[in-house]
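Right, one structure below, let's go through it.
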Amino acid sequence: MVEEEFALHDTDFRKLSKLVMSNAGIVLSERKRAFIHGRLGRRLRALGLTNFSQYCRLLEGRDGDDELRNFINAVTTNHTSFFREPHHFDYLTKEIVPGLLDSNRDTRRMRIWSAGCSSGEEPYSIAMTLLSGPQSLAGWNVKILATDLDTNVIAHAARGIYDSERAESIPAPLRKRFTTMQEGQVAMNDETCDLITFAHLNLLESWPMSGPFDVIFCRNVVIYFDKPTQRRLFDRYADMLKPDGWLIVGHSENLLGITDRLELVGRTIYRRCR
Ligand SMILES: C[S@@+](CC[C@H](N)C(=O)[O-])C[C@H]1O[C@@H](n2cnc3c(N)ncnc32)[C@H](O)[C@@H]1O
């Protein structure tokens, strides 16, 4: 039986949890044991290994760094969808863009970061929202940076091609305007792709970009981090935002007791206040 073949002993689970924590900030509690077993079982099979002790030895060994990327890719949770948590996109159209058209009228620049963008549905939703809003952004220099730790999902995001069922959550008029059917799949058009730069980035490591950003989307990412990691990250986001820039988090995330540099201004929407 597969379960017996790939027995995951406590010591190996602890080693793997420690590695995920130190490399990605992701907390693997005991409840995640079955999840890890399932995700890494596939890796073990691909490598021709028969148990997790061998896999731990591989990660700790000379060629460990090569496998580390596959390991991290295998344990990230990448669930996402187009226009997930739609109130954020309404807020972008109704509050943020009008605010930026006024505050940034001299530079005519808008900078948005989708941090932990997974396979790209989030930054493409941002791009479609900006391009279809009531205010024209003609003559504006608008850029969206989209980053993720998982090299597989970021490659998918950069391709911008999705199964047609996934694209069903794009409102029909936007799907018609911003996508094209390609061999039964849906491809994002150049108009949206041109706004977005995709890059691999570990949020725990140093960030090469200088910012500042007007808006940071970091939704459904910190839910996997412990409080000290969240505190450090939100502090860095505050530094990376314009003085009154916005931070948008996921539906089950909040900054209460974590930082007072960002204040709540809407449903899971924060604004830098110091
Ligand atoms: C559940 S998805 C959220 C996607 C999108 N933001 C949304 O809300 O639909 C979480 C993403 O965070 C990424 N992630 C996890 N830890 C990370 C880290 N340390 N640095 C960068 N991205 C990370 C994962 O690879 C995953 O794609």
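Naming works like this for the structure tokens: A, B, ... for the chains as they're shown, residue 1 at the start of each chain, ligands 1 onward in shown order.
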
Using only C-alpha atoms and all ligand atoms, determine which residues fall within 6 Å of ligand 1, then list them as a compact mmCIF listing (two decimals) with C-alpha atoms, in the first residue's frame.
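Result file is selection05.txt:
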```txt
# COMPACT_ATOMS: atom_id res chain seq x y z
CA ALA A 24 9.29 29.90 3.15
CA GLY A 25 7.98 31.04 6.54
CA THR A 76 2.88 25.70 -1.16
CA THR A 77 -0.89 26.12 -1.33
CA ASN A 78 -1.68 27.91 -4.58
CA HIS A 79 -5.47 28.07 -4.53
CA THR A 80 -6.66 31.20 -6.35
CA SER A 81 -9.22 32.42 -8.88
CA GLY A 116 2.05 35.88 -3.55
CA CYS A 117 0.20 36.04 -6.88
CA SER A 118 0.13 32.25 -7.45
CA GLU A 122 -4.98 38.07 -9.11
CA ASP A 148 5.54 34.33 -5.97
CA LEU A 149 7.87 31.90 -4.26
CA ASP A 150 6.68 28.90 -6.27
CA LEU A 201 10.44 36.28 -5.10
CA ASN A 202 10.60 34.85 -1.60
CA LEU A 203 8.89 37.37 0.69
CA LEU A 204 11.22 36.34 3.53
CA CYS A 218 -1.03 40.28 -0.30
CA ARG A 219 -4.06 38.08 -0.02
CA ASN A 220 -4.25 34.59 1.47
CA VAL A 221 -0.48 34.38 1.88
```

Mind the document's chain letters and residue numbers, and return as number ranges by chain the residues of stretch 62-265 of chain A that DSSP labels helix (DSSP H, G or I). A: 64-75, 87-103, 121-132, 151-159, 166-169, 172-178, 190-193, 222-224, 227-240

Could the residues in this selection be written to a file with C-alpha atoms, as an mmCIF file, in the first residue's frame?
```cif
data_model
loop_
_atom_site.group_PDB
_atom_site.id
_atom_site.type_symbol
_atom_site.label_atom_id
_atom_site.label_comp_id
_atom_site.auth_asym_id
_atom_site.auth_seq_id
_atom_site.Cartn_x
_atom_site.Cartn_y
_atom_site.Cartn_z
ATOM 1 C CA GLY A 64 19.902 19.225 -1.508
ATOM 2 C CA ASP A 65 19.653 22.747 -2.910
ATOM 3 C CA ASP A 66 18.542 21.410 -6.306
ATOM 4 C CA GLU A 67 15.669 19.515 -4.711
ATOM 5 C CA LEU A 68 14.776 22.280 -2.270
ATOM 6 C CA ARG A 69 12.955 24.255 -4.984
ATOM 7 C CA ASN A 70 10.825 21.224 -5.925
ATOM 8 C CA PHE A 71 10.183 20.586 -2.249
ATOM 9 C CA ILE A 72 8.999 24.163 -1.624
ATOM 10 C CA ASN A 73 6.911 24.146 -4.819
ATOM 11 C CA ALA A 74 5.269 20.924 -3.644
ATOM 12 C CA VAL A 75 4.239 22.265 -0.246
ATOM 13 C CA HIS A 87 -15.186 43.662 -3.163
ATOM 14 C CA HIS A 88 -11.436 44.407 -3.413
ATOM 15 C CA PHE A 89 -11.765 45.096 -7.138
ATOM 16 C CA ASP A 90 -14.822 47.317 -6.545
ATOM 17 C CA TYR A 91 -12.804 49.243 -3.969
ATOM 18 C CA LEU A 92 -9.936 49.575 -6.428
ATOM 19 C CA THR A 93 -12.281 51.100 -9.021
ATOM 20 C CA LYS A 94 -14.348 53.295 -6.722
ATOM 21 C CA GLU A 95 -11.848 54.471 -4.094
ATOM 22 C CA ILE A 96 -8.237 53.749 -4.937
ATOM 23 C CA VAL A 97 -8.014 54.714 -8.619
ATOM 24 C CA PRO A 98 -9.878 58.041 -8.166
ATOM 25 C CA GLY A 99 -7.605 58.762 -5.155
ATOM 26 C CA LEU A 100 -4.456 58.035 -7.188
ATOM 27 C CA LEU A 101 -5.634 60.026 -10.208
ATOM 28 C CA ASP A 102 -5.701 62.988 -7.864
ATOM 29 C CA SER A 103 -2.670 62.349 -5.606
ATOM 30 C CA GLU A 121 -5.377 35.273 -11.678
ATOM 31 C CA GLU A 122 -4.983 38.073 -9.107
ATOM 32 C CA PRO A 123 -2.698 40.421 -11.111
ATOM 33 C CA TYR A 124 -4.705 39.821 -14.319
ATOM 34 C CA SER A 125 -7.881 40.701 -12.381
ATOM 35 C CA ILE A 126 -6.179 43.903 -11.183
ATOM 36 C CA ALA A 127 -5.108 44.733 -14.761
ATOM 37 C CA MET A 128 -8.609 44.134 -16.183
ATOM 38 C CA THR A 129 -10.113 46.258 -13.396
ATOM 39 C CA LEU A 130 -7.768 49.171 -14.131
ATOM 40 C CA LEU A 131 -8.250 48.967 -17.895
ATOM 41 C CA SER A 132 -12.051 48.739 -17.749
ATOM 42 C CA THR A 151 8.549 28.735 -9.594
ATOM 43 C CA ASN A 152 5.877 26.530 -11.230
ATOM 44 C CA VAL A 153 2.980 28.895 -10.587
ATOM 45 C CA ILE A 154 4.919 32.003 -11.563
ATOM 46 C CA ALA A 155 5.827 30.347 -14.901
ATOM 47 C CA HIS A 156 2.128 29.556 -15.450
ATOM 48 C CA ALA A 157 1.221 33.151 -14.549
ATOM 49 C CA ALA A 158 3.695 34.538 -17.078
ATOM 50 C CA ARG A 159 2.229 32.291 -19.818
ATOM 51 C CA ARG A 166 -11.148 28.821 -14.663
ATOM 52 C CA ALA A 167 -11.835 31.832 -16.866
ATOM 53 C CA GLU A 168 -15.574 31.562 -16.222
ATOM 54 C CA SER A 169 -15.178 33.726 -13.111
ATOM 55 C CA ALA A 172 -18.331 38.054 -19.561
ATOM 56 C CA PRO A 173 -17.727 41.588 -20.928
ATOM 57 C CA LEU A 174 -14.166 41.568 -19.558
ATOM 58 C CA ARG A 175 -13.529 38.037 -20.839
ATOM 59 C CA LYS A 176 -14.652 39.178 -24.279
ATOM 60 C CA ARG A 177 -12.482 42.285 -24.210
ATOM 61 C CA PHE A 178 -9.293 40.969 -22.584
ATOM 62 C CA ASP A 190 -1.365 41.779 -24.642
ATOM 63 C CA GLU A 191 -3.203 44.753 -23.168
ATOM 64 C CA THR A 192 -3.254 43.100 -19.739
ATOM 65 C CA CYS A 193 0.104 41.274 -20.082
ATOM 66 C CA VAL A 222 0.313 35.342 5.510
ATOM 67 C CA ILE A 223 -2.356 32.956 6.767
ATOM 68 C CA TYR A 224 0.368 30.276 6.501
ATOM 69 C CA LYS A 227 2.907 35.948 14.015
ATOM 70 C CA PRO A 228 6.574 37.060 14.190
ATOM 71 C CA THR A 229 6.949 36.443 10.429
ATOM 72 C CA GLN A 230 3.705 38.353 9.760
ATOM 73 C CA ARG A 231 4.894 41.249 11.954
ATOM 74 C CA ARG A 232 8.202 41.546 10.067
ATOM 75 C CA LEU A 233 6.468 41.278 6.694
ATOM 76 C CA PHE A 234 3.810 43.923 7.422
ATOM 77 C CA ASP A 235 6.476 46.261 8.714
ATOM 78 C CA ARG A 236 8.387 45.822 5.442
ATOM 79 C CA TYR A 237 5.160 46.384 3.457
ATOM 80 C CA ALA A 238 4.597 49.643 5.368
ATOM 81 C CA ASP A 239 8.143 50.734 4.420
ATOM 82 C CA MET A 240 7.504 49.764 0.791
#
```

Would you please extract all strand (DSSP E or B) residues from stretch 5-172 of chain A, as assigned by DSSP on the backbone, and give them as a PyMOL selection string? chain A and resi 26+109-115+141-148+161-163
